[in-house]
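Student: This is the structure, below, for whatever I ask next.
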Amino acid sequence: MNYWLMKSEPDVFGIDHLQKMPKKTDHWDGVRNYQARNMMRDQMKKGDLVFFYHSNCAEPGIVGIMKVVREGYPDHTAFDPSEKYYDPKSDPDNPRWYMVDVQYQRKTKRLISLQELKGYRELEDCPLVRKGNRLSIMPISKKQWDFILKLENRKAA
DNA sequence: GCCAACGTTGGC
DNA sequence: GCCAACGTTGGC
């Protein structure tokens with residue numbers, strides 16, 4: 001099993017949105033970055049666990065946990081000209097963009113902020129805390145995953 | 001709202 | 001294949 005972190009802007013699609021979806025499940029559409037695409041298409045497997053991360057907001061950080069419930073399949077929003085992330089170069093016969101389905105598991109006991117995460121040596125290898133990182137999906141090692149989960153029970157640093 | 005960092009595009 | 005220009009991300 002693998003572990004991941006996925007970013008989303010809470011104003012656009014936050015963890016509350018996911019929680020309110022039917023079956024608490026939604027497809028993670030709109031990713032238009034090849035590195036992230038490759039991970040969804042090739043590496044994310046059913047049952048993998050994912051941190052839900054709120055980005056571009058007052059308090060960026062990890063807010064919850066979700067699970068991959070469907071493996072990579074074509075992102076149909078790329079085919080629809082009325083969609084914000086329409087990409088005329090993505091052909092239904094040869095799709096350029098992929099997505100996975102994720103299901104809400106739970107919120108973390110507290111928001112684990114980026115600022116806090118940046119302070120731990122255990123996480124210095126994680127792309128999340130590196131300057132200029134813009135990857136919206138990234139792998140998290142089991143060690144890092146377990147470490148972050150333990151932070152939940154601490155007081156905010 | 002600013003701006004640094006980065007990815008993508010397209011001319012050559 | 002290089003690289004400048006441009007657009008986007010995302011923290012602050």
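Chains: A, B, ... in order of the structure tokens. Residues: from 1 per chain. Ligands: from 1, in order shown.
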Give as a ChimeraX atom specification every residue of chain A that touches chain B within 9 Å, counting only C-alpha atoms (C1' of nucleotides).

Tutor: /A:33,131-134

Student: Please identify the alpha helix (DSSP H) residues within segment 4-127 of chain A (assignment by DSSP from backbone atoms) and present them as an MDAnalysis selection string.

Tutor: chainID A and resid 10:13 15:20 34:38 114:117

Student: Name the residues of chain A that fall into strand (DSSP E) according to DSSP on the backbone, using the chain letters and numbers of this document, as a ChimeraX atom specification.

Tutor: /A:3-8,25-27,49-54,61-74,98-113,137-140

Student: Measure the distance from atom CA of Val68 of chain A to atom CA of Lys118 of chain A in Å and round it to one decimal.

Tutor: 26.2 Å

Student: Could you please determine the separation between atom CA of Asp101 of chain A and atom CA of Lys143 of chain A in Å, to one decimal place?

Tutor: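 That distance, rounded to one decimal, is 24.7 Å.
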
Student: Do a neighbour search on Thr77 of chain A at 9 Å with only C-alpha atoms (C1' of nucleotides), toss out local chain neighbours closer than 6 positions, and write the hits as a ChimeraX atom specification.

Tutor: /A:29-30,83-87

Student: Limited to all heavy atoms, could you put the picked residues into a file as a PDB file, in the first residue's frame?

Tutor:
```pdb
ATOM      1  N   ASP A  29     -10.751  15.528 -10.325  1.00  0.00           N
ATOM      2  CA  ASP A  29     -10.535  15.998 -11.703  1.00  0.00           C
ATOM      3  C   ASP A  29      -9.752  17.307 -11.728  1.00  0.00           C
ATOM      4  O   ASP A  29      -9.443  17.904 -10.692  1.00  0.00           O
ATOM      5  CB  ASP A  29     -11.876  16.149 -12.430  1.00  0.00           C
ATOM      6  CG  ASP A  29     -12.776  17.184 -11.756  1.00  0.00           C
ATOM      7  OD1 ASP A  29     -12.273  18.073 -11.053  1.00  0.00           O
ATOM      8  OD2 ASP A  29     -14.009  17.087 -11.937  1.00  0.00           O
ATOM      9  N   GLY A  30      -9.386  17.730 -12.910  1.00  0.00           N
ATOM     10  CA  GLY A  30      -8.774  19.041 -13.091  1.00  0.00           C
ATOM     11  C   GLY A  30      -7.260  19.080 -12.948  1.00  0.00           C
ATOM     12  O   GLY A  30      -6.669  20.147 -13.082  1.00  0.00           O
ATOM     13  N   GLU A  83     -16.055  23.152 -19.552  1.00  0.00           N
ATOM     14  CA  GLU A  83     -15.355  22.939 -18.287  1.00  0.00           C
ATOM     15  C   GLU A  83     -14.175  23.895 -18.165  1.00  0.00           C
ATOM     16  O   GLU A  83     -13.524  24.241 -19.150  1.00  0.00           O
ATOM     17  CB  GLU A  83     -14.835  21.494 -18.197  1.00  0.00           C
ATOM     18  CG  GLU A  83     -15.927  20.473 -17.946  1.00  0.00           C
ATOM     19  CD  GLU A  83     -16.367  20.433 -16.485  1.00  0.00           C
ATOM     20  OE1 GLU A  83     -15.690  21.032 -15.622  1.00  0.00           O
ATOM     21  OE2 GLU A  83     -17.411  19.797 -16.217  1.00  0.00           O
ATOM     22  N   LYS A  84     -13.900  24.243 -16.926  1.00  0.00           N
ATOM     23  CA  LYS A  84     -12.805  25.167 -16.675  1.00  0.00           C
ATOM     24  C   LYS A  84     -11.463  24.583 -17.126  1.00  0.00           C
ATOM     25  O   LYS A  84     -10.584  25.287 -17.614  1.00  0.00           O
ATOM     26  CB  LYS A  84     -12.756  25.493 -15.177  1.00  0.00           C
ATOM     27  CG  LYS A  84     -11.700  26.525 -14.832  1.00  0.00           C
ATOM     28  CD  LYS A  84     -11.614  26.773 -13.329  1.00  0.00           C
ATOM     29  CE  LYS A  84     -10.446  27.701 -13.028  1.00  0.00           C
ATOM     30  NZ  LYS A  84     -10.076  27.711 -11.603  1.00  0.00           N
ATOM     31  N   TYR A  85     -11.328  23.282 -16.954  1.00  0.00           N
ATOM     32  CA  TYR A  85     -10.050  22.658 -17.278  1.00  0.00           C
ATOM     33  C   TYR A  85     -10.096  21.890 -18.599  1.00  0.00           C
ATOM     34  O   TYR A  85      -9.388  20.908 -18.799  1.00  0.00           O
ATOM     35  CB  TYR A  85      -9.605  21.744 -16.127  1.00  0.00           C
ATOM     36  CG  TYR A  85      -9.268  22.518 -14.882  1.00  0.00           C
ATOM     37  CD1 TYR A  85     -10.121  22.538 -13.777  1.00  0.00           C
ATOM     38  CD2 TYR A  85      -8.100  23.273 -14.822  1.00  0.00           C
ATOM     39  CE1 TYR A  85      -9.823  23.265 -12.642  1.00  0.00           C
ATOM     40  CE2 TYR A  85      -7.782  23.995 -13.693  1.00  0.00           C
ATOM     41  CZ  TYR A  85      -8.645  23.998 -12.597  1.00  0.00           C
ATOM     42  OH  TYR A  85      -8.331  24.724 -11.481  1.00  0.00           O
ATOM     43  N   TYR A  86     -10.959  22.378 -19.484  1.00  0.00           N
ATOM     44  CA  TYR A  86     -11.026  21.827 -20.837  1.00  0.00           C
ATOM     45  C   TYR A  86      -9.654  21.907 -21.506  1.00  0.00           C
ATOM     46  O   TYR A  86      -8.970  22.919 -21.438  1.00  0.00           O
ATOM     47  CB  TYR A  86     -12.045  22.634 -21.648  1.00  0.00           C
ATOM     48  CG  TYR A  86     -12.076  22.299 -23.125  1.00  0.00           C
ATOM     49  CD1 TYR A  86     -12.365  21.015 -23.566  1.00  0.00           C
ATOM     50  CD2 TYR A  86     -11.826  23.295 -24.085  1.00  0.00           C
ATOM     51  CE1 TYR A  86     -12.404  20.719 -24.915  1.00  0.00           C
ATOM     52  CE2 TYR A  86     -11.867  23.003 -25.441  1.00  0.00           C
ATOM     53  CZ  TYR A  86     -12.155  21.713 -25.855  1.00  0.00           C
ATOM     54  OH  TYR A  86     -12.193  21.416 -27.188  1.00  0.00           O
ATOM     55  N   ASP A  87      -9.269  20.814 -22.151  1.00  0.00           N
ATOM     56  CA  ASP A  87      -8.007  20.796 -22.892  1.00  0.00           C
ATOM     57  C   ASP A  87      -8.249  20.184 -24.270  1.00  0.00           C
ATOM     58  O   ASP A  87      -8.406  18.976 -24.404  1.00  0.00           O
ATOM     59  CB  ASP A  87      -6.964  19.968 -22.134  1.00  0.00           C
ATOM     60  CG  ASP A  87      -5.620  19.951 -22.864  1.00  0.00           C
ATOM     61  OD1 ASP A  87      -5.529  20.530 -23.970  1.00  0.00           O
ATOM     62  OD2 ASP A  87      -4.664  19.360 -22.325  1.00  0.00           O
TER      63      ASP A  87
END
```

Student: Find the residues near Leu114 of chain A: any atom within 10 Å, counting only C-alpha atoms (C1' of nucleotides), skip ones fewer than 6 places away on the same chain, and give them as a PyMOL selection string.

Tutor: (chain A and resi 53-55+59-62+128-129) or (chain C and resi 11)

Student: What's the 8 Å shell around Leu135 of chain A, counting only C-alpha atoms (C1' of nucleotides), without same-chain residues fewer than 3 positions away, as a list in words?

Tutor: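 The residues satisfying every condition are Gln35, Ala36, Pro127, Leu128 and Met138 of chain A.
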
Student: Give me the residues within 12 Å of Gly14 of chain A as a PyMOL selection string, counting only C-alpha atoms (C1' of nucleotides) and dropping any in the same chain fewer than 2 places off.

Tutor: chain A and resi 6-12+16-21+26+28+52-57+60-64+104+107

Student: Please, could you write that set of residues out with N, CA, C and O atoms as a compact mmCIF listing (two decimals), in the first residue's frame?

Tutor:
```txt
# COMPACT_ATOMS: atom_id res chain seq x y z
N MET A 6 -2.68 15.03 -1.34
CA MET A 6 -3.28 15.76 -2.45
C MET A 6 -3.75 17.12 -1.98
O MET A 6 -4.38 17.26 -0.93
N LYS A 7 -3.44 18.12 -2.80
CA LYS A 7 -3.80 19.50 -2.44
C LYS A 7 -5.09 19.92 -3.13
O LYS A 7 -5.34 19.57 -4.28
N SER A 8 -5.84 20.73 -2.42
CA SER A 8 -7.00 21.36 -3.05
C SER A 8 -7.28 22.67 -2.32
O SER A 8 -7.00 22.79 -1.12
N GLU A 9 -7.83 23.62 -3.05
CA GLU A 9 -8.17 24.89 -2.43
C GLU A 9 -9.53 24.75 -1.76
O GLU A 9 -10.51 24.40 -2.41
N PRO A 10 -9.59 25.04 -0.46
CA PRO A 10 -10.85 24.84 0.28
C PRO A 10 -12.01 25.65 -0.29
O PRO A 10 -13.16 25.23 -0.17
N ASP A 11 -11.73 26.78 -0.90
CA ASP A 11 -12.82 27.57 -1.50
C ASP A 11 -13.39 26.90 -2.74
O ASP A 11 -14.54 27.11 -3.10
N VAL A 12 -12.57 26.10 -3.41
CA VAL A 12 -13.00 25.45 -4.64
C VAL A 12 -13.55 24.05 -4.34
O VAL A 12 -14.67 23.71 -4.72
N ASP A 16 -14.82 19.52 3.34
CA ASP A 16 -16.26 19.50 3.61
C ASP A 16 -17.07 19.14 2.37
O ASP A 16 -18.11 18.50 2.46
N HIS A 17 -16.57 19.60 1.22
CA HIS A 17 -17.26 19.25 -0.03
C HIS A 17 -17.24 17.74 -0.25
O HIS A 17 -18.25 17.14 -0.59
N LEU A 18 -16.08 17.16 -0.02
CA LEU A 18 -15.95 15.71 -0.24
C LEU A 18 -16.86 14.94 0.72
O LEU A 18 -17.52 13.98 0.33
N GLN A 19 -16.90 15.41 1.95
CA GLN A 19 -17.69 14.72 2.97
C GLN A 19 -19.18 14.70 2.59
O GLN A 19 -19.91 13.80 2.96
N LYS A 20 -19.61 15.74 1.87
CA LYS A 20 -21.03 15.85 1.54
C LYS A 20 -21.42 15.17 0.24
O LYS A 20 -22.59 15.13 -0.12
N MET A 21 -20.44 14.63 -0.47
CA MET A 21 -20.75 13.97 -1.73
C MET A 21 -21.46 12.63 -1.46
O MET A 21 -21.27 12.04 -0.41
N ASP A 26 -15.68 11.25 -4.58
CA ASP A 26 -15.70 12.09 -5.79
C ASP A 26 -14.46 11.78 -6.63
O ASP A 26 -13.50 11.19 -6.14
N TRP A 28 -11.21 13.07 -8.65
CA TRP A 28 -10.24 14.16 -8.43
C TRP A 28 -9.87 14.72 -9.80
O TRP A 28 -8.81 14.43 -10.34
N PHE A 52 -5.57 14.82 2.85
CA PHE A 52 -6.25 15.93 2.17
C PHE A 52 -5.61 17.22 2.69
O PHE A 52 -5.62 17.49 3.88
N TYR A 53 -5.06 17.99 1.78
CA TYR A 53 -4.32 19.20 2.13
C TYR A 53 -5.02 20.43 1.56
O TYR A 53 -5.36 20.45 0.37
N HIS A 54 -5.25 21.42 2.41
CA HIS A 54 -5.84 22.67 1.95
C HIS A 54 -4.74 23.65 1.56
O HIS A 54 -3.87 23.97 2.37
N SER A 55 -4.79 24.10 0.33
CA SER A 55 -3.77 25.03 -0.15
C SER A 55 -4.38 26.38 -0.49
O SER A 55 -5.60 26.51 -0.63
N ASN A 56 -3.51 27.35 -0.64
CA ASN A 56 -3.92 28.67 -1.11
C ASN A 56 -5.03 29.26 -0.24
O ASN A 56 -6.04 29.73 -0.75
N CYS A 57 -4.81 29.21 1.07
CA CYS A 57 -5.83 29.68 2.00
C CYS A 57 -5.14 30.24 3.23
O CYS A 57 -3.92 30.23 3.33
N PRO A 60 -2.85 26.99 5.36
CA PRO A 60 -2.58 25.80 4.57
C PRO A 60 -2.08 24.67 5.46
O PRO A 60 -1.30 24.90 6.38
N GLY A 61 -2.58 23.46 5.19
CA GLY A 61 -2.14 22.32 5.97
C GLY A 61 -3.01 21.10 5.74
O GLY A 61 -3.96 21.13 4.95
N ILE A 62 -2.68 20.04 6.47
CA ILE A 62 -3.40 18.77 6.35
C ILE A 62 -4.65 18.82 7.21
O ILE A 62 -4.60 19.20 8.39
N VAL A 63 -5.77 18.46 6.62
CA VAL A 63 -7.05 18.54 7.33
C VAL A 63 -7.78 17.21 7.45
O VAL A 63 -8.74 17.10 8.20
N GLY A 64 -7.35 16.21 6.68
CA GLY A 64 -8.09 14.95 6.76
C GLY A 64 -7.44 13.83 5.98
O GLY A 64 -6.34 13.98 5.44
N TYR A 104 -13.89 10.04 1.29
CA TYR A 104 -13.65 10.64 2.60
C TYR A 104 -13.52 9.56 3.67
O TYR A 104 -14.34 8.65 3.72
N LYS A 107 -11.73 13.50 9.22
CA LYS A 107 -10.89 14.68 9.39
C LYS A 107 -9.81 14.35 10.41
O LYS A 107 -10.02 13.51 11.29
```

Student: With distances taken over only C-alpha atoms, which residue among A:Phe79, A:Lys150, A:Val102, A:Ala156 lies nearest Gly119 of chain A?

Tutor: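 Closest residue, counting only C-alpha atoms: A:Ala156.
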
Student: May I ask for the distance between atom CA of Arg154 of chain A and atom CA of Arg121 of chain A, given in Å to one decimal place?

Tutor: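 The value is 16.5 Å.
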